[in-house]
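What follows is input02.cif (mmCIF, C-alpha atoms).
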```cif
data_my_file
loop_
_atom_site.label_atom_id
_atom_site.label_comp_id
_atom_site.auth_asym_id
_atom_site.auth_seq_id
_atom_site.Cartn_x
_atom_site.Cartn_y
_atom_site.Cartn_z
CA MET X 42 96.72 132.70 -31.11
CA THR X 43 95.21 131.83 -27.78
CA ILE X 44 95.52 133.89 -24.63
CA THR X 45 93.92 133.73 -21.21
CA LEU X 46 91.94 136.89 -20.59
CA ASN X 47 90.46 137.40 -17.12
CA GLY X 48 90.57 133.68 -16.48
CA GLN X 49 88.97 132.68 -19.81
CA SER X 50 90.66 131.25 -22.87
CA ARG X 51 90.28 133.51 -25.90
CA SER X 52 91.39 133.49 -29.51
CA VAL X 53 92.85 136.73 -30.79
CA SER X 54 94.71 137.69 -33.95
CA ASP X 55 98.47 137.19 -34.01
CA GLY X 56 100.53 140.21 -33.06
CA LEU X 57 97.62 142.02 -31.43
CA SER X 58 98.73 144.94 -29.31
CA LEU X 59 97.56 145.31 -25.75
CA GLN X 60 96.01 148.64 -26.72
CA ALA X 61 93.94 146.99 -29.46
CA LEU X 62 92.77 144.22 -27.15
CA ILE X 63 91.73 146.66 -24.46
CA THR X 64 89.85 148.82 -26.94
CA GLN X 65 88.03 145.72 -28.18
CA VAL X 66 86.86 144.46 -24.82
CA THR X 67 86.26 147.54 -22.69
CA GLY X 68 83.89 150.43 -22.90
CA HIS X 69 86.03 152.82 -20.91
CA PRO X 70 89.73 152.09 -21.30
CA GLU X 71 90.69 155.26 -19.44
CA HIS X 72 90.27 153.52 -16.07
CA VAL X 73 91.49 150.08 -17.00
CA VAL X 74 94.60 148.55 -15.53
CA ALA X 75 96.37 145.76 -17.37
CA GLU X 76 98.50 143.01 -15.97
CA VAL X 77 100.30 140.64 -18.34
CA ASN X 78 101.81 137.47 -16.89
CA GLY X 79 101.60 138.98 -13.43
CA ARG X 80 103.22 142.30 -14.28
CA ILE X 81 101.47 145.63 -14.60
CA VAL X 82 101.87 147.20 -18.02
CA GLU X 83 101.67 150.98 -17.83
CA LYS X 84 99.16 152.67 -20.09
CA THR X 85 101.88 154.47 -22.00
CA ALA X 86 103.28 151.11 -23.11
CA TRP X 87 100.00 149.52 -24.28
CA ALA X 88 100.27 150.54 -27.94
CA SER X 89 103.73 149.09 -28.39
CA PHE X 90 103.09 146.00 -26.28
CA ALA X 91 102.68 142.97 -28.56
CA ILE X 92 100.83 140.14 -26.89
CA ASP X 93 102.53 136.75 -27.05
CA THR X 94 100.64 133.53 -27.55
CA GLY X 95 99.70 131.93 -24.25
CA ALA X 96 99.84 135.23 -22.37
CA THR X 97 97.80 135.52 -19.22
CA ILE X 98 96.15 138.92 -19.15
CA GLU X 99 94.14 140.52 -16.41
CA LEU X 100 92.13 143.66 -17.12
CA VAL X 101 90.62 145.29 -14.07
CA THR X 102 88.68 148.43 -13.38
CA PHE X 103 86.85 150.20 -10.59
CA VAL X 104 83.49 149.01 -9.32
CA GLY X 105 81.32 149.93 -6.36
CA GLY X 106 82.67 148.75 -3.05
CA GLY X 107 82.71 149.55 0.64
CA MET D 140 69.36 184.87 20.69
CA SER D 141 70.87 183.73 17.43
CA PRO D 142 71.80 180.07 17.01
CA ASP D 143 75.42 178.98 17.12
CA THR D 144 76.40 178.90 13.49
CA ARG D 145 80.08 178.17 13.89
CA PRO D 146 80.94 176.14 10.79
CA MET D 147 82.23 172.63 11.32
CA THR D 148 84.91 173.43 8.76
CA GLN D 149 86.83 174.90 11.71
CA ASP D 150 87.26 171.30 12.79
CA PRO D 151 88.62 169.54 9.71
CA LEU D 152 89.66 165.93 9.55
CA THR D 153 93.32 165.70 8.61
CA LEU D 154 94.15 162.48 6.85
CA GLY D 155 96.93 161.44 4.53
CA GLY D 156 98.19 164.99 4.22
CA LYS D 157 94.78 166.39 3.20
CA THR D 158 92.05 168.09 5.18
CA PHE D 159 88.37 167.29 4.92
CA ALA D 160 85.35 169.21 6.21
CA SER D 161 83.22 166.06 6.19
CA ARG D 162 83.82 163.23 8.61
CA PHE D 163 81.42 160.91 6.83
CA LEU D 164 82.89 158.45 4.33
CA LEU D 165 80.58 156.64 1.95
CA GLY D 166 81.04 153.26 0.29
CA THR D 167 79.78 152.81 -3.26
CA GLY D 168 78.82 149.11 -3.31
CA LYS D 169 75.35 147.58 -3.59
CA PHE D 170 73.54 150.64 -4.97
CA LYS D 171 70.72 149.65 -7.31
CA ASP D 172 72.03 151.91 -10.06
CA LYS D 173 74.64 154.57 -10.70
CA ALA D 174 72.19 157.50 -10.59
CA THR D 175 71.09 156.46 -7.09
CA LEU D 176 74.72 156.24 -6.05
CA GLN D 177 75.46 159.67 -7.44
CA ALA D 178 72.48 161.20 -5.60
CA ALA D 179 73.59 159.55 -2.36
CA ILE D 180 77.17 160.83 -2.67
CA THR D 181 75.92 164.35 -3.29
CA ALA D 182 73.46 164.17 -0.37
CA SER D 183 76.10 162.74 1.95
CA GLY D 184 78.58 165.54 1.40
CA ALA D 185 81.24 162.82 1.59
CA GLU D 186 84.68 163.92 0.44
CA ILE D 187 86.10 160.41 0.54
CA VAL D 188 84.38 157.44 -1.10
CA THR D 189 85.49 153.87 -1.33
CA VAL D 190 85.61 151.79 -4.50
CA ALA D 191 86.80 148.28 -5.33
CA LEU D 192 88.76 146.75 -8.20
CA ARG D 193 87.44 143.83 -10.21
CA ARG D 194 88.04 142.07 -13.49
CA ILE D 195 86.35 143.77 -16.41
CA ASP D 196 83.38 141.88 -17.81
CA VAL D 197 84.71 141.30 -21.31
CA GLU D 198 81.30 140.24 -22.58
CA ARG D 199 79.64 143.61 -22.09
CA HIS D 200 80.74 147.18 -21.80
CA GLU D 201 79.89 148.35 -18.32
CA GLU D 202 79.42 151.91 -17.20
CA ASN D 203 82.41 153.44 -15.52
CA ILE D 204 81.62 154.08 -11.87
CA LEU D 205 84.19 156.86 -11.63
CA SER D 206 82.15 159.07 -13.92
CA TYR D 207 79.43 159.11 -11.24
CA ILE D 208 81.75 160.29 -8.49
CA PRO D 209 81.94 164.08 -8.23
CA GLU D 210 85.15 165.86 -9.11
CA GLY D 211 87.32 166.57 -6.09
CA VAL D 212 86.14 163.58 -4.06
CA THR D 213 89.06 161.48 -2.83
CA LEU D 214 88.93 157.88 -3.99
CA LEU D 215 89.82 155.28 -1.41
CA THR D 216 90.28 151.94 -3.18
CA ASN D 217 89.71 148.90 -1.06
CA THR D 218 91.50 145.60 -1.46
CA SER D 219 88.35 143.53 -1.10
CA GLY D 220 88.83 140.07 -2.50
CA ALA D 221 92.32 139.86 -1.05
CA ARG D 222 92.82 136.81 1.16
CA ASN D 223 96.35 137.63 2.25
CA ALA D 224 98.87 140.46 2.31
CA ASP D 225 100.32 139.63 -1.11
CA GLU D 226 96.94 139.82 -2.80
CA ALA D 227 96.18 143.11 -1.06
CA VAL D 228 99.50 144.55 -2.25
CA ARG D 229 98.78 143.36 -5.80
CA LEU D 230 95.40 145.11 -5.79
CA ALA D 231 96.90 148.27 -4.35
CA ARG D 232 99.51 148.39 -7.10
CA LEU D 233 96.82 147.92 -9.73
CA ALA D 234 94.83 150.78 -8.23
CA LYS D 235 97.87 153.03 -8.31
CA ALA D 236 98.65 152.07 -11.93
CA SER D 237 95.18 153.30 -12.92
CA GLY D 238 96.34 156.79 -12.10
CA GLN D 239 93.43 157.21 -9.70
CA GLY D 240 95.39 157.91 -6.60
CA HIS D 241 97.21 155.97 -4.02
CA TRP D 242 94.78 155.88 -1.11
CA ILE D 243 94.18 152.29 -0.09
CA LYS D 244 91.82 150.75 2.41
CA ILE D 245 93.40 147.42 3.23
CA GLU D 246 90.80 144.74 3.57
CA VAL D 247 92.10 141.20 3.93
CA ILE D 248 89.40 138.64 4.55
CA ASN D 249 89.60 134.86 4.66
CA ASP D 250 86.37 134.06 6.35
CA SER D 251 83.21 134.07 4.28
CA LYS D 252 80.75 133.73 7.16
CA TYR D 253 81.64 136.67 9.39
CA LEU D 254 83.87 138.52 6.90
CA LEU D 255 86.26 139.36 9.71
CA PRO D 256 89.54 140.97 8.67
CA ASP D 257 92.81 139.10 9.11
CA ASN D 258 94.72 141.52 11.31
CA GLU D 259 98.13 139.83 10.88
CA GLU D 260 98.02 139.91 7.09
CA THR D 261 96.70 143.46 7.26
CA ILE D 262 99.74 144.55 9.25
CA LYS D 263 102.06 142.93 6.67
CA ALA D 264 100.31 144.65 3.78
CA THR D 265 100.39 147.98 5.61
CA GLU D 266 104.14 147.72 6.17
CA LEU D 267 104.78 146.99 2.50
CA LEU D 268 102.43 149.60 1.04
CA VAL D 269 103.51 152.47 3.28
CA LYS D 270 107.07 151.88 2.06
CA GLU D 271 105.78 152.18 -1.52
CA GLY D 272 104.24 155.56 -0.79
CA PHE D 273 100.60 154.62 -0.40
CA VAL D 274 98.26 156.34 2.04
CA VAL D 275 97.16 153.25 3.94
CA LEU D 276 93.94 152.89 5.90
CA PRO D 277 93.73 149.38 7.32
CA TYR D 278 90.38 147.79 8.17
CA VAL D 279 90.76 145.73 11.35
CA THR D 280 89.10 144.04 14.23
CA PRO D 281 89.77 146.55 17.03
CA ASP D 282 92.79 145.46 19.05
CA LEU D 283 95.18 147.81 20.78
CA TYR D 284 98.37 145.92 19.95
CA VAL D 285 97.40 145.56 16.31
CA ALA D 286 96.56 149.26 16.10
CA ARG D 287 99.92 150.19 17.62
CA ARG D 288 101.75 148.06 15.07
CA LEU D 289 99.77 149.69 12.28
CA VAL D 290 100.69 153.13 13.56
CA ASP D 291 104.35 152.07 13.81
CA ALA D 292 104.11 150.84 10.21
CA GLY D 293 102.91 154.24 9.10
CA ALA D 294 99.17 153.74 8.66
CA ALA D 295 97.33 157.01 7.99
CA ALA D 296 94.38 155.85 10.11
CA VAL D 297 92.95 152.73 11.64
CA MET D 298 89.51 151.53 10.66
CA PRO D 299 88.04 149.30 13.35
CA LEU D 300 84.83 147.43 12.62
CA GLY D 301 81.74 148.30 14.63
CA SER D 302 80.20 144.92 13.85
CA PHE D 303 80.19 142.45 10.96
CA ILE D 304 80.27 143.99 7.48
CA GLY D 305 76.79 144.67 6.21
CA SER D 306 75.14 143.50 9.43
CA ASN D 307 73.67 146.88 10.53
CA GLN D 308 74.26 145.82 14.14
CA GLY D 309 76.01 149.01 15.20
CA LEU D 310 78.81 149.31 17.74
CA LYS D 311 79.14 145.78 19.08
CA THR D 312 82.85 146.43 19.60
CA ARG D 313 82.22 149.73 21.37
CA GLU D 314 84.58 149.30 24.35
CA PHE D 315 87.46 148.15 22.14
CA ILE D 316 86.99 151.02 19.74
CA GLN D 317 87.04 153.37 22.73
CA VAL D 318 90.45 151.98 23.69
CA LEU D 319 91.76 152.81 20.22
CA ILE D 320 90.27 156.29 20.36
CA ASP D 321 91.92 156.89 23.71
CA GLU D 322 95.30 155.35 22.93
CA ILE D 323 96.00 155.72 19.21
CA ASP D 324 97.35 158.92 17.73
CA VAL D 325 96.19 158.49 14.12
CA PRO D 326 92.54 159.04 13.15
CA VAL D 327 90.14 156.25 14.13
CA ILE D 328 87.51 155.72 11.47
CA VAL D 329 84.71 153.37 12.45
CA ASP D 330 83.93 151.12 9.52
CA ALA D 331 81.45 148.28 8.99
CA GLY D 332 78.24 147.39 10.71
CA ILE D 333 76.90 150.91 11.14
CA GLY D 334 73.25 150.58 10.21
CA ALA D 335 71.56 153.74 11.50
CA PRO D 336 72.42 157.41 11.95
CA SER D 337 72.11 157.03 15.74
CA GLN D 338 74.93 154.47 15.67
CA ALA D 339 77.16 156.78 13.63
CA CYS D 340 76.36 159.58 16.05
CA GLU D 341 77.29 157.36 18.98
CA ALA D 342 80.67 156.55 17.42
CA MET D 343 81.39 160.24 16.91
CA GLU D 344 80.31 161.14 20.46
CA MET D 345 82.82 158.57 21.69
CA GLY D 346 85.53 160.50 19.91
CA ALA D 347 85.88 158.59 16.66
CA ASP D 348 87.39 160.82 13.97
CA ALA D 349 85.09 159.67 11.19
CA VAL D 350 82.62 156.98 10.18
CA LEU D 351 82.33 154.96 6.98
CA VAL D 352 78.98 153.54 5.89
CA ASN D 353 78.00 151.63 2.78
CA THR D 354 75.37 148.91 3.04
CA ALA D 355 72.84 150.78 5.17
CA VAL D 356 72.69 153.68 2.73
CA ALA D 357 72.84 151.56 -0.41
CA ILE D 358 69.93 149.31 0.50
CA ALA D 359 67.67 151.95 2.08
CA ASP D 360 64.42 152.78 0.30
CA ASP D 361 65.71 156.33 -0.11
CA PRO D 362 69.52 156.20 -0.11
CA ALA D 363 70.00 159.95 -0.61
CA LEU D 364 67.79 160.75 2.36
CA LEU D 365 69.61 158.29 4.59
CA ALA D 366 73.00 159.55 3.36
CA ARG D 367 71.99 163.06 4.43
CA ALA D 368 70.76 161.76 7.77
CA PHE D 369 74.08 160.00 8.37
CA ALA D 370 76.02 163.15 7.50
CA ARG D 371 74.01 165.15 10.02
CA ALA D 372 74.32 162.45 12.67
CA VAL D 373 78.09 162.39 12.21
CA GLU D 374 78.22 166.17 12.51
CA ALA D 375 75.98 166.11 15.60
CA GLY D 376 78.05 163.40 17.24
CA ARG D 377 81.26 165.29 16.54
CA ALA D 378 79.83 168.48 18.01
CA GLY D 379 78.67 166.53 21.04
CA TYR D 380 82.15 165.10 21.52
CA LEU D 381 83.83 168.49 21.14
CA SER D 382 81.36 170.07 23.56
CA GLY D 383 82.72 168.01 26.44
CA LEU D 384 79.87 165.67 27.23
CA PRO D 385 79.05 165.31 30.93
CA THR D 386 79.71 161.99 32.62
CA LYS D 387 76.87 159.66 33.58
CA LYS D 388 75.57 159.55 37.14
CA ILE D 389 73.83 156.72 38.90
CA GLN D 390 71.12 158.85 40.52
CA GLY D 391 68.98 161.89 39.73
CA ASP D 392 70.38 165.41 39.75
CA ALA D 393 67.69 168.09 39.48
CA SER D 394 68.03 170.54 36.64
CA SER D 395 65.65 173.07 38.26
CA PRO D 396 66.64 174.95 41.44
CA LEU D 397 66.04 173.09 44.71
CA THR D 398 65.08 176.27 46.59
CA GLY D 399 62.19 178.73 46.48
CA PHE D 400 59.42 176.15 46.42
CA LEU D 401 55.87 177.49 46.98
CA TYR D 402 55.41 175.40 50.11
CA GLU D 403 58.52 176.76 51.84
#
```

What is this file in structure tokens?
Amino acid sequence: MTITLNGQSRSVSDGLSLQALITQVTGHPEHVVAEVNGRIVEKTAWASFAIDTGATIELVTFVGGG
Amino acid sequence: MSPDTRPMTQDPLTLGGKTFASRFLLGTGKFKDKATLQAAITASGAEIVTVALRRIDVERHEENILSYIPEGVTLLTNTSGARNADEAVRLARLAKASGQGHWIKIEVINDSKYLLPDNEETIKATELLVKEGFVVLPYVTPDLYVARRLVDAGAAAVMPLGSFIGSNQGLKTREFIQVLIDEIDVPVIVDAGIGAPSQACEAMEMGADAVLVNTAVAIADDPALLARAFARAVEAGRAGYLSGLPTKKIQGDASSPLTGFLYE
């Protein structure tokens, strides 16, 4: 299925959980925040959160800033 | 005679329900690498550092900046990138969801040339986020009416700009910051444009409660050395302010006695 991840189209396996996606694409998931279709998904819900086709997902983390 | 060694910890900064011995806040952007950043934070003695939130680069695993920030340092997440109140609120909620605290520096900027904050949108975001339980530190162009509205909205501090972000021009808004210092009851933290320790010292002598610096330290040849210099300048300026600085005079006033001259 196709999703939009951080503004880019991406193919992922059907039924992928948010937890699995985040583990795939981040080096330090402990400080990642996930938003799916504009709503924050709490970390405790990642494992049971099945991503739907066409989902728009934003994964953000902390960077240097003033 | 022994020097005055009264510790500055007797004069803590109270902010957002916490107390801090240091009145120097450090930004973490633009450092050439994480080790340099870590050395600068340590040298600065800063107990509050700012960070930003950005999309993860899904093509490569980046180092986590938080692992370079010492334990016990309060994270102040900025809303840089926000162009209006709604975007600032969205970023603040994301920061909170990370579990890394709820201290937010509201930064709403529409203008890419001067990077001036949008005070109106900043007020809106402050009103919303205070209601959600955030400790809100809004970054603003110094204006008395704006500052009063921010205080009414429950801002923990106001952060007036000294000059344009990253410009190193110092206190171009000096007189307007002084108005805030004199009239506003929450801490006034001078943010942006401070390019040299002397400028930070000047802000503290005026009565500012704290100073935030990023660019000047990050791009210095020796960031840790400059961070330490800033920390000392902030401490010196604070001590000067607390000492009750004398007012300026327009003519000379001898410091040696005006009697007992040899020719008398």

Distance of atom CA of D:Met343 from atom CA of D:Ala393, expressed in Å to one decimal place: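 The value is 27.5 Å.
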
Sphere at (87.6, 158.2, -0.5), radius 12 Å, counting all atoms listed in the file: residues as a PyMOL selection string: (chain X and resi 105-107) or (chain D and resi 154-155+157+159+161-167+180+184-191+205+208-217+239-244+274-276+350-352)

Two-atom distance - atom CA of D:Thr354, atom CA of D:Leu381 (Å):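 So the two atoms, atom CA of D:Thr354 and atom CA of D:Leu381, lie 28.0 Å apart.
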
Proximity to chain X - best of D:Ile245, D:Ile262, D:Ala236, D:Leu230, all atoms listed in the file: D:Ala236

Residue members of the PyMOL selection byres ((chain X) within 9 of (chain D)) in the file shown, as a PyMOL selection string: chain X and resi 46-47+65-69+71-76+81-84+99-107

Atom pair atom CA of D:Ser302 / atom CA of D:Val318: separation (Å):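 Value for the atom CA of D:Ser302-atom CA of D:Val318 distance: 15.9 Å.
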
Residue among D:Val279, D:Leu254, D:Met345, D:Ala363 lying closest to D:Ser382, counting all atoms listed in the file: D:Met345

Near-D:Gly332 list (7 Å; all atoms listed in the file; drop same-chain fewer than 4 positions) as a list in words: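 Skipping anything fewer than 4 positions along the chain leaves Leu300, Gly301, Ser302, Phe303, Ile304, Gly305, Ser306, Asn307, Gln308 and Gly309 of chain D.
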
Picked residues, the PyMOL selection byres ((chain D and resi 290) around 12), expected as an MDAnalysis selection string: chainID D and resid 262 265:266 269 275:277 283:289 291:298 319 322:327

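With the shown file loaded, the PyMOL selection byres ((chain D and resi 373) around 8) picks out Arg162, Phe163, Pro336, Ala339, Cys340, Met343, Ala349, Val350, Phe369, Ala370, Arg371, Ala372, Glu374, Ala375, Gly376 and Arg377 of chain D.
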
Residue nearest D:Ala342 - candidates D:Leu364, D:Ala355, D:Arg313, D:Ser251, atoms counted: all atoms listed in the file: D:Arg313

Got a minute to add N, CA and C atoms to stretch 270-288 of chain D and dump it as a PDB file, in the coordinates of the input?
```
ATOM      1  N   LYS D 270     105.713 151.709   2.633  1.00  0.00           N
ATOM      2  CA  LYS D 270     107.070 151.880   2.060  1.00  0.00           C
ATOM      3  C   LYS D 270     107.006 152.254   0.581  1.00  0.00           C
ATOM      4  N   GLU D 271     105.932 151.853  -0.089  1.00  0.00           N
ATOM      5  CA  GLU D 271     105.780 152.180  -1.520  1.00  0.00           C
ATOM      6  C   GLU D 271     105.080 153.515  -1.736  1.00  0.00           C
ATOM      7  N   GLY D 272     104.801 154.217  -0.651  1.00  0.00           N
ATOM      8  CA  GLY D 272     104.240 155.560  -0.790  1.00  0.00           C
ATOM      9  C   GLY D 272     102.728 155.651  -0.794  1.00  0.00           C
ATOM     10  N   PHE D 273     102.059 154.561  -0.458  1.00  0.00           N
ATOM     11  CA  PHE D 273     100.600 154.620  -0.400  1.00  0.00           C
ATOM     12  C   PHE D 273     100.140 155.290   0.897  1.00  0.00           C
ATOM     13  N   VAL D 274      98.958 155.908   0.827  1.00  0.00           N
ATOM     14  CA  VAL D 274      98.260 156.340   2.040  1.00  0.00           C
ATOM     15  C   VAL D 274      97.409 155.145   2.452  1.00  0.00           C
ATOM     16  N   VAL D 275      97.726 154.555   3.591  1.00  0.00           N
ATOM     17  CA  VAL D 275      97.160 153.250   3.940  1.00  0.00           C
ATOM     18  C   VAL D 275      96.186 153.365   5.109  1.00  0.00           C
ATOM     19  N   LEU D 276      94.968 152.908   4.865  1.00  0.00           N
ATOM     20  CA  LEU D 276      93.940 152.890   5.900  1.00  0.00           C
ATOM     21  C   LEU D 276      93.516 151.440   6.112  1.00  0.00           C
ATOM     22  N   PRO D 277      94.033 150.788   7.127  1.00  0.00           N
ATOM     23  CA  PRO D 277      93.730 149.380   7.320  1.00  0.00           C
ATOM     24  C   PRO D 277      92.422 149.146   8.084  1.00  0.00           C
ATOM     25  N   TYR D 278      91.648 148.208   7.557  1.00  0.00           N
ATOM     26  CA  TYR D 278      90.380 147.790   8.170  1.00  0.00           C
ATOM     27  C   TYR D 278      90.669 146.612   9.093  1.00  0.00           C
ATOM     28  N   VAL D 279      90.359 146.756  10.372  1.00  0.00           N
ATOM     29  CA  VAL D 279      90.760 145.730  11.350  1.00  0.00           C
ATOM     30  C   VAL D 279      89.681 145.445  12.381  1.00  0.00           C
ATOM     31  N   THR D 280      89.825 144.300  13.001  1.00  0.00           N
ATOM     32  CA  THR D 280      89.100 144.040  14.230  1.00  0.00           C
ATOM     33  C   THR D 280      89.802 144.853  15.310  1.00  0.00           C
ATOM     34  N   PRO D 281      89.073 145.659  16.094  1.00  0.00           N
ATOM     35  CA  PRO D 281      89.770 146.550  17.030  1.00  0.00           C
ATOM     36  C   PRO D 281      90.572 145.815  18.095  1.00  0.00           C
ATOM     37  N   ASP D 282      91.856 146.086  18.110  1.00  0.00           N
ATOM     38  CA  ASP D 282      92.790 145.460  19.050  1.00  0.00           C
ATOM     39  C   ASP D 282      93.925 146.448  19.247  1.00  0.00           C
ATOM     40  N   LEU D 283      94.203 146.772  20.486  1.00  0.00           N
ATOM     41  CA  LEU D 283      95.180 147.810  20.780  1.00  0.00           C
ATOM     42  C   LEU D 283      96.564 147.508  20.215  1.00  0.00           C
ATOM     43  N   TYR D 284      97.012 146.262  20.394  1.00  0.00           N
ATOM     44  CA  TYR D 284      98.370 145.920  19.950  1.00  0.00           C
ATOM     45  C   TYR D 284      98.480 145.974  18.427  1.00  0.00           C
ATOM     46  N   VAL D 285      97.424 145.502  17.782  1.00  0.00           N
ATOM     47  CA  VAL D 285      97.400 145.560  16.310  1.00  0.00           C
ATOM     48  C   VAL D 285      97.430 147.016  15.852  1.00  0.00           C
ATOM     49  N   ALA D 286      96.622 147.839  16.494  1.00  0.00           N
ATOM     50  CA  ALA D 286      96.560 149.260  16.100  1.00  0.00           C
ATOM     51  C   ALA D 286      97.917 149.925  16.302  1.00  0.00           C
ATOM     52  N   ARG D 287      98.592 149.601  17.393  1.00  0.00           N
ATOM     53  CA  ARG D 287      99.920 150.190  17.620  1.00  0.00           C
ATOM     54  C   ARG D 287     100.905 149.778  16.543  1.00  0.00           C
ATOM     55  N   ARG D 288     100.835 148.515  16.133  1.00  0.00           N
ATOM     56  CA  ARG D 288     101.750 148.060  15.070  1.00  0.00           C
ATOM     57  C   ARG D 288     101.431 148.746  13.749  1.00  0.00           C
TER      58      ARG D 288
END
```
